[in-house]
$ cat run_11.cif   # mmCIF, C-alpha atoms
data_target
#
loop_
_atom_site.group_PDB
_atom_site.id
_atom_site.type_symbol
_atom_site.label_atom_id
_atom_site.label_comp_id
_atom_site.auth_asym_id
_atom_site.auth_seq_id
_atom_site.Cartn_x
_atom_site.Cartn_y
_atom_site.Cartn_z
ATOM 1 C CA MET I 1 -30.451 37.182 -6.451
ATOM 2 C CA MET I 2 -33.940 37.617 -7.877
ATOM 3 C CA ALA I 3 -34.645 38.022 -11.568
ATOM 4 C CA THR I 4 -36.590 41.096 -12.480
ATOM 5 C CA ALA I 5 -39.154 39.856 -14.937
ATOM 6 C CA LEU I 6 -41.103 42.395 -16.916
ATOM 7 C CA PRO I 7 -44.545 41.474 -18.234
ATOM 8 C CA LEU I 8 -44.545 40.570 -21.897
ATOM 9 C CA VAL I 9 -47.005 42.547 -24.001
ATOM 10 C CA ILE I 10 -48.503 41.008 -27.133
ATOM 11 C CA ALA I 11 -50.587 42.691 -29.811
ATOM 12 C CA HIS I 12 -54.175 41.547 -30.055
ATOM 13 C CA PRO I 13 -55.892 41.504 -33.478
ATOM 14 C CA ASP I 14 -58.296 44.275 -32.420
ATOM 15 C CA GLN I 15 -55.268 46.491 -31.556
ATOM 16 C CA HIS I 16 -55.822 46.324 -27.786
ATOM 17 C CA GLN I 17 -52.846 45.279 -25.715
ATOM 18 C CA LEU I 18 -53.133 42.100 -23.645
ATOM 19 C CA GLN I 19 -50.661 41.466 -20.878
ATOM 20 C CA THR I 20 -49.331 37.944 -20.313
ATOM 21 C CA PRO I 21 -48.003 36.834 -16.940
ATOM 22 C CA PRO I 22 -44.347 37.690 -16.242
ATOM 23 C CA LEU I 23 -41.830 35.190 -17.562
ATOM 24 C CA TYR I 24 -39.224 34.052 -15.036
ATOM 25 C CA LYS I 25 -36.104 32.768 -16.747
ATOM 26 C CA TRP I 26 -33.106 31.074 -15.138
ATOM 27 C CA ARG I 27 -29.769 29.978 -16.633
ATOM 28 C CA LEU I 28 -28.378 26.640 -15.463
ATOM 29 C CA LEU I 29 -24.907 25.258 -16.146
ATOM 30 C CA LEU I 30 -24.940 21.457 -15.856
ATOM 31 C CA SER I 31 -22.317 18.768 -15.855
ATOM 32 C CA TYR I 32 -23.297 15.146 -16.269
ATOM 33 C CA ASP I 33 -22.171 11.610 -16.935
ATOM 34 C CA GLY I 34 -24.587 10.467 -19.615
ATOM 35 C CA THR I 35 -23.792 6.745 -19.360
ATOM 36 C CA ARG I 36 -27.229 5.729 -18.089
ATOM 37 C CA PHE I 37 -29.260 8.332 -19.995
ATOM 38 C CA SER I 38 -30.889 8.018 -23.424
ATOM 39 C CA GLY I 39 -29.741 11.462 -24.508
ATOM 40 C CA TRP I 40 -31.241 14.856 -23.721
ATOM 41 C CA GLN I 41 -34.812 14.862 -25.058
ATOM 42 C CA TYR I 42 -37.645 13.757 -22.771
ATOM 43 C CA GLN I 43 -38.936 10.237 -23.389
ATOM 44 C CA PRO I 44 -41.620 8.833 -21.076
ATOM 45 C CA SER I 45 -40.290 5.256 -21.127
ATOM 46 C CA THR I 46 -36.540 5.735 -20.586
ATOM 47 C CA PRO I 47 -34.332 7.976 -18.422
ATOM 48 C CA THR I 48 -33.193 11.143 -20.196
ATOM 49 C CA LEU I 49 -31.379 14.235 -18.998
ATOM 50 C CA GLN I 50 -34.368 16.497 -19.695
ATOM 51 C CA GLY I 51 -36.798 14.167 -17.947
ATOM 52 C CA THR I 52 -34.580 13.836 -14.870
ATOM 53 C CA LEU I 53 -33.964 17.602 -14.669
ATOM 54 C CA GLU I 54 -37.673 18.355 -15.098
ATOM 55 C CA GLN I 55 -38.560 15.853 -12.387
ATOM 56 C CA ALA I 56 -36.191 17.608 -9.962
ATOM 57 C CA LEU I 57 -37.497 21.034 -11.006
ATOM 58 C CA THR I 58 -41.123 20.008 -10.383
ATOM 59 C CA ARG I 59 -40.173 18.870 -6.880
ATOM 60 C CA VAL I 60 -38.313 22.113 -6.094
ATOM 61 C CA THR I 61 -40.757 24.586 -7.658
ATOM 62 C CA LYS I 62 -43.977 22.647 -6.943
ATOM 63 C CA LEU I 63 -44.956 23.349 -10.560
ATOM 64 C CA GLU I 64 -46.175 20.689 -12.963
ATOM 65 C CA ARG I 65 -44.019 19.620 -15.916
ATOM 66 C CA LYS I 66 -46.411 21.362 -18.324
ATOM 67 C CA ASP I 67 -45.762 24.675 -16.521
ATOM 68 C CA LEU I 68 -41.991 24.533 -17.078
ATOM 69 C CA CYS I 69 -40.055 25.136 -20.259
ATOM 70 C CA VAL I 70 -36.532 23.694 -20.259
ATOM 71 C CA VAL I 71 -34.304 24.417 -23.260
ATOM 72 C CA GLY I 72 -30.762 23.147 -23.743
ATOM 73 C CA ALA I 73 -27.902 24.558 -25.773
ATOM 74 C CA SER I 74 -28.142 21.443 -27.919
ATOM 75 C CA ARG I 75 -29.440 17.894 -27.803
ATOM 76 C CA THR I 76 -27.194 15.011 -26.891
ATOM 77 C CA ASP I 77 -27.078 11.352 -27.783
ATOM 78 C CA THR I 78 -27.139 8.332 -25.495
ATOM 79 C CA GLY I 79 -24.073 8.078 -23.293
ATOM 80 C CA VAL I 80 -22.752 11.599 -23.968
ATOM 81 C CA HIS I 81 -21.096 13.462 -21.063
ATOM 82 C CA ALA I 82 -20.764 17.206 -20.417
ATOM 83 C CA LEU I 83 -18.598 19.361 -18.203
ATOM 84 C CA GLY I 84 -20.605 22.525 -18.775
ATOM 85 C CA GLN I 85 -23.761 22.597 -20.867
ATOM 86 C CA VAL I 86 -26.087 25.589 -20.589
ATOM 87 C CA TYR I 87 -29.846 25.302 -20.125
ATOM 88 C CA ILE I 88 -32.604 27.785 -19.472
ATOM 89 C CA VAL I 89 -35.684 27.125 -17.395
ATOM 90 C CA MET I 90 -38.722 29.354 -17.789
ATOM 91 C CA TRP I 91 -42.061 29.593 -16.013
ATOM 92 C CA HIS I 92 -44.844 32.163 -15.592
ATOM 93 C CA THR I 93 -45.621 31.604 -11.903
ATOM 94 C CA LEU I 94 -44.086 33.675 -9.115
ATOM 95 C CA LEU I 95 -42.478 31.211 -6.738
ATOM 96 C CA HIS I 96 -42.221 31.730 -3.021
ATOM 97 C CA LEU I 97 -39.081 33.794 -2.404
ATOM 98 C CA SER I 98 -37.606 31.277 0.049
ATOM 99 C CA ILE I 99 -37.202 28.740 -2.781
ATOM 100 C CA ILE I 100 -34.859 31.011 -4.725
ATOM 101 C CA GLN I 101 -33.140 33.139 -2.072
ATOM 102 C CA ASN I 102 -29.636 32.398 -0.771
ATOM 103 C CA CYS I 103 -28.844 29.805 -3.456
ATOM 104 C CA ARG I 104 -31.303 27.360 -1.897
ATOM 105 C CA MET I 105 -32.636 26.474 -5.321
ATOM 106 C CA HIS I 106 -29.130 25.464 -6.433
ATOM 107 C CA ALA I 107 -28.517 23.196 -3.443
ATOM 108 C CA THR I 108 -32.063 21.844 -3.427
ATOM 109 C CA LEU I 109 -31.953 20.979 -7.136
ATOM 110 C CA ASN I 110 -28.691 19.080 -6.653
ATOM 111 C CA GLY I 111 -30.306 17.285 -3.730
ATOM 112 C CA PHE I 112 -33.112 16.014 -5.968
ATOM 113 C CA LEU I 113 -30.834 15.115 -8.898
ATOM 114 C CA PRO I 114 -28.889 11.848 -9.095
ATOM 115 C CA PRO I 115 -25.103 12.077 -8.518
ATOM 116 C CA ASP I 116 -24.401 11.797 -12.259
ATOM 117 C CA ILE I 117 -26.111 15.179 -12.952
ATOM 118 C CA ARG I 118 -24.890 18.327 -11.172
ATOM 119 C CA VAL I 119 -26.071 21.910 -11.393
ATOM 120 C CA ARG I 120 -22.795 23.856 -11.339
ATOM 121 C CA GLU I 121 -24.337 27.327 -11.590
ATOM 122 C CA ILE I 122 -27.780 28.864 -11.498
ATOM 123 C CA SER I 123 -28.538 32.528 -12.095
ATOM 124 C CA PRO I 124 -31.311 34.774 -13.405
ATOM 125 C CA ALA I 125 -31.166 35.061 -17.190
ATOM 126 C CA LEU I 126 -31.609 38.242 -19.157
ATOM 127 C CA PRO I 127 -34.892 38.353 -21.103
ATOM 128 C CA GLU I 128 -33.067 38.137 -24.446
ATOM 129 C CA PHE I 129 -30.852 35.188 -23.420
ATOM 130 C CA HIS I 130 -31.564 31.830 -25.082
ATOM 131 C CA ALA I 131 -29.549 28.670 -24.386
ATOM 132 C CA ARG I 132 -29.542 27.571 -28.016
ATOM 133 C CA PHE I 133 -29.530 30.830 -29.983
ATOM 134 C CA SER I 134 -27.159 32.847 -27.749
ATOM 135 C CA VAL I 135 -24.340 30.304 -28.047
ATOM 136 C CA THR I 136 -21.046 31.774 -29.240
ATOM 137 C CA GLY I 137 -19.107 28.509 -29.340
ATOM 138 C CA LYS I 138 -18.976 24.846 -28.378
ATOM 139 C CA ILE I 139 -16.161 22.416 -27.745
ATOM 140 C CA SER I 140 -16.757 18.695 -28.291
ATOM 141 C CA LEU I 141 -14.364 15.862 -27.580
ATOM 142 C CA HIS I 142 -14.909 12.502 -29.212
ATOM 143 C CA ASP I 143 -13.167 9.335 -28.080
ATOM 144 C CA LEU I 144 -13.112 6.832 -30.933
#
$ encode --input "run_11.cif" --output "structure tokens"
Amino acid sequence: MMATALPLVIAHPDQHQLQTPPLYKWRLLLSYDGTRFSGWQYQPSTPTLQGTLEQALTRVTKLERKDLCVVGASRTDTGVHALGQVYIVMWHTLLHLSIIQNCRMHATLNGFLPPDIRVREISPALPEFHARFSVTGKISLHDL
């Protein structure tokens, strides 16, 4: 299934309209065992969930890390696990259709991710959807 991305229009100070490239937005549902990760947020010197996901995404999409925007429903601490945490991935470049068609992106991403991170679902996201701000609830379990 392809996302239909409409160009975003921004107002320019001189009242002319400038058109930015289309924004392609995908919703990912991840599960992970966070034992060997230093939380969610990218850190160049230690493995993190964001860094590992971005590395896999750059291999699948052939985009550079700076061209991707990955946003999670919330940050996590070192060693935290998840059964279903939502993320969005956004980019402005039209990818070759064969990368996305027939769920190949889903299988390919899982192929580039380590076994302790799994993409459970991937689907086009509505333009107004945001992983952090569209959340309607969270369930956390803490083992003390």
$ atom_distance --input "run_11.cif" --atom1 "atom CA of I:Lys62" --atom2 "atom CA of I:Thr46"
23.0 Å
$ atom_distance --input "run_11.cif" --atom1 "atom CA of I:Arg75" --atom2 "atom CA of I:Gly39"
7.2 Å
$ atom_distance --input "run_11.cif" --atom1 "atom CA of I:Pro44" --atom2 "atom CA of I:Ala131"
23.5 Å
$ closest_residue --input "run_11.cif" --among "I:Arg65, I:Gln85, I:Trp91, I:Leu49" --to "I:Ile122" --atoms "all atoms listed in the file"
I:Gln85
$ closest_residue --input "run_11.cif" --among "I:Thr52, I:Thr58, I:Ser38, I:Ser45" --to "I:Arg118" --atoms "all atoms listed in the file"
I:Thr52
$ closest_residue --input "run_11.cif" --among "I:Asp77, I:Glu121, I:Asp116, I:Glu54" --to "I:Met90" --atoms "only C-alpha atoms"
I:Glu54
$ resolve_selection --input "run_11.cif" --expression "the PyMOL selection byres ((chain I and resi 40) around 12)" --output "mmCIF file with C-alpha atoms, keeping the file's coordinate frame"
data_model
loop_
_atom_site.group_PDB
_atom_site.id
_atom_site.type_symbol
_atom_site.label_atom_id
_atom_site.label_comp_id
_atom_site.auth_asym_id
_atom_site.auth_seq_id
_atom_site.Cartn_x
_atom_site.Cartn_y
_atom_site.Cartn_z
ATOM 1 C CA TYR I 32 -23.297 15.146 -16.269
ATOM 2 C CA ASP I 33 -22.171 11.610 -16.935
ATOM 3 C CA GLY I 34 -24.587 10.467 -19.615
ATOM 4 C CA THR I 35 -23.792 6.745 -19.360
ATOM 5 C CA ARG I 36 -27.229 5.729 -18.089
ATOM 6 C CA PHE I 37 -29.260 8.332 -19.995
ATOM 7 C CA SER I 38 -30.889 8.018 -23.424
ATOM 8 C CA GLY I 39 -29.741 11.462 -24.508
ATOM 9 C CA GLN I 41 -34.812 14.862 -25.058
ATOM 10 C CA TYR I 42 -37.645 13.757 -22.771
ATOM 11 C CA GLN I 43 -38.936 10.237 -23.389
ATOM 12 C CA THR I 46 -36.540 5.735 -20.586
ATOM 13 C CA PRO I 47 -34.332 7.976 -18.422
ATOM 14 C CA THR I 48 -33.193 11.143 -20.196
ATOM 15 C CA LEU I 49 -31.379 14.235 -18.998
ATOM 16 C CA GLN I 50 -34.368 16.497 -19.695
ATOM 17 C CA GLY I 51 -36.798 14.167 -17.947
ATOM 18 C CA THR I 52 -34.580 13.836 -14.870
ATOM 19 C CA LEU I 53 -33.964 17.602 -14.669
ATOM 20 C CA GLU I 54 -37.673 18.355 -15.098
ATOM 21 C CA VAL I 70 -36.532 23.694 -20.259
ATOM 22 C CA VAL I 71 -34.304 24.417 -23.260
ATOM 23 C CA GLY I 72 -30.762 23.147 -23.743
ATOM 24 C CA ALA I 73 -27.902 24.558 -25.773
ATOM 25 C CA SER I 74 -28.142 21.443 -27.919
ATOM 26 C CA ARG I 75 -29.440 17.894 -27.803
ATOM 27 C CA THR I 76 -27.194 15.011 -26.891
ATOM 28 C CA ASP I 77 -27.078 11.352 -27.783
ATOM 29 C CA THR I 78 -27.139 8.332 -25.495
ATOM 30 C CA GLY I 79 -24.073 8.078 -23.293
ATOM 31 C CA VAL I 80 -22.752 11.599 -23.968
ATOM 32 C CA HIS I 81 -21.096 13.462 -21.063
ATOM 33 C CA ALA I 82 -20.764 17.206 -20.417
ATOM 34 C CA GLN I 85 -23.761 22.597 -20.867
ATOM 35 C CA TYR I 87 -29.846 25.302 -20.125
ATOM 36 C CA ILE I 117 -26.111 15.179 -12.952
#
$ closest_residue --input "run_11.cif" --among "I:Val119, I:Ala107, I:His92, I:Ser134" --to "I:Asp67" --atoms "all atoms listed in the file"
I:His92
$ closest_residue --input "run_11.cif" --among "I:Leu63, I:Leu83, I:Ala125, I:Leu57" --to "I:Ser31" --atoms "all atoms listed in the file"
I:Leu83
$ closest_residue --input "run_11.cif" --among "I:Leu23, I:Val86, I:Leu68, I:Leu126" --to "I:Ala56" --atoms "all atoms listed in the file"
I:Leu68
